[in-house]
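This report refers to the structure that appears directly beneath it.
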Amino acid sequence: SQQGEEDPQALSIQEGENATMNCSYKTSINNLQWYRQNSGRGLVHLILIRSNEREKHSGRLRVTLDTSKKSSSLLITASRAADTASYFCATGFGNEKLTFGTGTRLTIIP
Amino acid sequence: DAGVIQSPRHEVTEMGQEVTLRCKPISGHDYLFWYRQTMMRGLELLIYFNNNVPIDDSGMPEDRFSAKMPNASFSTLKIQPSEPRDSAVYFCASGDPNQPQHFGDGTRLSIL
């Protein structure tokens with residue numbers, strides 16, 4: 001079963017704009033991760049945030065976590081055409097079952 | 001490292017046939033996971049192994065599905081007999097306690 005919902009389900013923005021995706025989950029967590037999936041490919045790990053962290057940055061990515069609301073957001077700044085993909089949040093880690101959100105399909109318009 | 005390798009990338013077969021999906025995990029990873037992705041159910045775990053031993057197979061849909069890991073570098077997921085509702089993308093991932101799971105590119109399975 002899926003951990004929760006992501007919104008929006010789909011997002012189209014102009015290249016150079018920022019993209020924000022949100023994820024909600026249902027149970028208590030130790031870690032939350034974001035993955036990217038390009039069309040026809042596997043999932044690529046982007047960033048991990050632990051339950052005792054509120055915000056984390058990696059390059060053009062910024063992730064926030066609000067454990068009281070059981071929600072997380074992923075911000076991609078200065079979007080590029082290559083960012084076109086589906087993005088999933090997932091709870092769990094390398095030695096645990098990953099439970100995924102429903103995903104956001106992001107399209108960057110050149 | 002070549003990453004997680006899955007084969008075949010695509011499989012089209014007729015209902016009732018046996019299907020075998022293969023996975024080679026990243027060397028040194030003690031955990032191997034099989035996930036399935038469909039439009040209706042999204043990404044869901046089927047089964048995972050630790051040191052070649054199945055730990056949780058609660059996601060395996062029914063007895064038609066079986067998975068094995070005979071050694072640390074190889075795993076199979078078998079469907080016998082296959083049905084049209086088994087059509088999906090099947091992913092293998094490997095990991096360990098200190099790093100995120102790494103995914104293969106998946107097998108796109110179509111059962112006619």
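For the structure tokens, the naming scheme is as follows: chains receive sequential letters (A, B, ...) according to their order of presentation, residues are indexed from 1 within each chain, and ligands are indexed from 1 in presentation order.
For chain A, the residues having at least one atom no farther than 10 Å from chain B, when counting only C-alpha atoms, are Ser1, Gln2, Gln3, Gln33, Gln37, Asn38, Gly40, Arg41, Gly42, Leu43, Val44, His45, Leu46, Ile47, Leu48, Phe88, Ala90, Gly92, Phe93, Gly94, Asn95, Glu96, Lys97, Leu98, Thr99, Phe100, Gly101, Thr102 and Gly103 of chain A.
Shell of Thr13 in chain B at 8 Å, with only C-alpha atoms counted and residues fewer than 6 places along the chain excluded, is B:Val19, B:Ser110, B:Ile111, B:Leu112.
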Requested write-out: N, CA and C atoms of the selected residues, as an mmCIF file, in the first residue's frame:
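Written file, selection_12.cif:
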data_model
loop_
_atom_site.group_PDB
_atom_site.id
_atom_site.type_symbol
_atom_site.label_atom_id
_atom_site.label_comp_id
_atom_site.auth_asym_id
_atom_site.auth_seq_id
_atom_site.Cartn_x
_atom_site.Cartn_y
_atom_site.Cartn_z
ATOM 1 N N VAL B 19 7.022 -16.767 -16.425
ATOM 2 C CA VAL B 19 7.870 -15.599 -16.622
ATOM 3 C C VAL B 19 8.938 -15.590 -15.530
ATOM 4 N N SER B 110 4.483 -7.409 -20.034
ATOM 5 C CA SER B 110 3.144 -7.365 -20.633
ATOM 6 C C SER B 110 2.666 -8.785 -20.835
ATOM 7 N N ILE B 111 1.523 -9.099 -20.252
ATOM 8 C CA ILE B 111 0.913 -10.429 -20.392
ATOM 9 C C ILE B 111 -0.332 -10.273 -21.270
ATOM 10 N N LEU B 112 -0.304 -10.946 -22.410
ATOM 11 C CA LEU B 112 -1.405 -10.800 -23.383
ATOM 12 C C LEU B 112 -2.517 -11.824 -23.142
#
Identify all residues of chain B in strand (DSSP E) (DSSP on the backbone) and supply them as a compact mmCIF listing (two decimals) with C-alpha atoms, in the first residue's frame.
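So out.txt came out as:
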# COMPACT_ATOMS: atom_id res chain seq x y z
CA ILE B 5 21.19 -4.95 -13.31
CA GLN B 6 17.85 -6.37 -14.34
CA SER B 7 16.94 -8.57 -17.24
CA HIS B 10 11.00 -5.90 -21.68
CA GLU B 11 8.99 -9.11 -21.74
CA VAL B 12 5.85 -9.80 -23.69
CA THR B 13 4.26 -13.20 -23.28
CA VAL B 19 7.87 -15.60 -16.62
CA THR B 20 11.25 -15.25 -14.94
CA LEU B 21 12.74 -11.87 -14.05
CA ARG B 22 16.35 -11.60 -13.03
CA CYS B 23 18.35 -9.24 -10.87
CA LYS B 24 22.00 -8.74 -10.04
CA TYR B 31 19.54 -6.43 1.12
CA LEU B 32 17.61 -7.07 -2.08
CA PHE B 33 14.10 -5.84 -2.79
CA TRP B 34 11.53 -6.56 -5.47
CA TYR B 35 8.96 -3.85 -6.17
CA ARG B 36 6.12 -3.62 -8.65
CA GLN B 37 4.83 -0.43 -10.25
CA THR B 38 1.34 -0.12 -11.73
CA GLY B 42 1.78 2.75 -7.63
CA LEU B 43 5.04 1.34 -6.28
CA GLU B 44 4.69 -1.50 -3.83
CA LEU B 45 7.08 -3.95 -2.22
CA LEU B 46 6.65 -7.58 -3.13
CA ILE B 47 9.43 -9.25 -1.14
CA TYR B 48 12.85 -8.55 0.28
CA PHE B 49 15.89 -10.58 1.27
CA ASN B 50 18.68 -10.10 3.76
CA VAL B 53 17.14 -15.12 3.16
CA PRO B 54 13.57 -13.91 2.50
CA ILE B 55 12.54 -11.56 5.30
CA ASP B 56 9.15 -10.24 4.28
CA PHE B 65 4.56 -15.53 -7.54
CA SER B 66 7.81 -16.87 -6.14
CA ALA B 67 11.23 -15.33 -5.54
CA LYS B 68 14.62 -16.84 -4.83
CA MET B 69 18.07 -15.61 -4.03
CA PRO B 70 20.47 -18.55 -4.45
CA ASN B 71 23.54 -16.39 -3.82
CA PHE B 74 21.59 -13.13 -8.16
CA SER B 75 17.85 -13.18 -7.56
CA THR B 76 14.84 -14.26 -9.58
CA LEU B 77 11.17 -13.42 -9.47
CA LYS B 78 8.99 -16.01 -11.13
CA ILE B 79 5.34 -15.88 -12.14
CA ALA B 88 3.49 -4.01 -14.67
CA VAL B 89 7.02 -2.75 -14.31
CA TYR B 90 9.01 -4.83 -11.85
CA PHE B 91 11.97 -3.24 -10.10
CA CYS B 92 14.80 -4.77 -8.18
CA ALA B 93 16.70 -2.67 -5.65
CA SER B 94 19.61 -3.36 -3.36
CA GLY B 95 20.80 -1.59 -0.25
CA ASP B 96 22.40 -1.75 3.15
CA GLN B 99 22.93 4.03 2.28
CA PRO B 100 19.74 4.46 0.26
CA GLN B 101 18.41 1.73 -1.96
CA HIS B 102 19.66 1.65 -5.52
CA PHE B 103 17.20 0.63 -8.20
CA THR B 107 11.47 -5.07 -16.39
CA ARG B 108 8.37 -3.96 -18.27
CA LEU B 109 6.15 -7.02 -18.36
CA SER B 110 3.14 -7.37 -20.63
CA ILE B 111 0.91 -10.43 -20.39
- Task: Could you please determine the separation between CA of Thr27 in chain A and CA of Ser73 in chain A in Å, to one decimal place?
- Result: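 Separation of CA of Thr27 in chain A and CA of Ser73 in chain A: 16.6 Å.
The closest residue to Ser82 in chain B, picked from B:Pro25, B:Gly3, B:Pro8, B:Gly16 and counting only C-alpha atoms, is B:Gly16.
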- Query: Can you tell me, as a PyMOL selection string, what residues are no more than 10 Å from Lys70 in chain A when counting only C-alpha atoms, ignoring any on the same chain fewer than 2 positions away?
  - Reply: chain A and resi 4+23-29+65-68+72
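Closest to Asn18 in chain A among A:Ile76, A:Ile109, A:Cys89, A:Ile49 is A:Ile76, based on only C-alpha atoms.
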- Task: Could you tell me how far CA of Asn22 in chain A lies from CA of Thr84 in chain A, in Å and to one decimal?
- Result: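 Distance reported for this atom pair: 16.5 Å.
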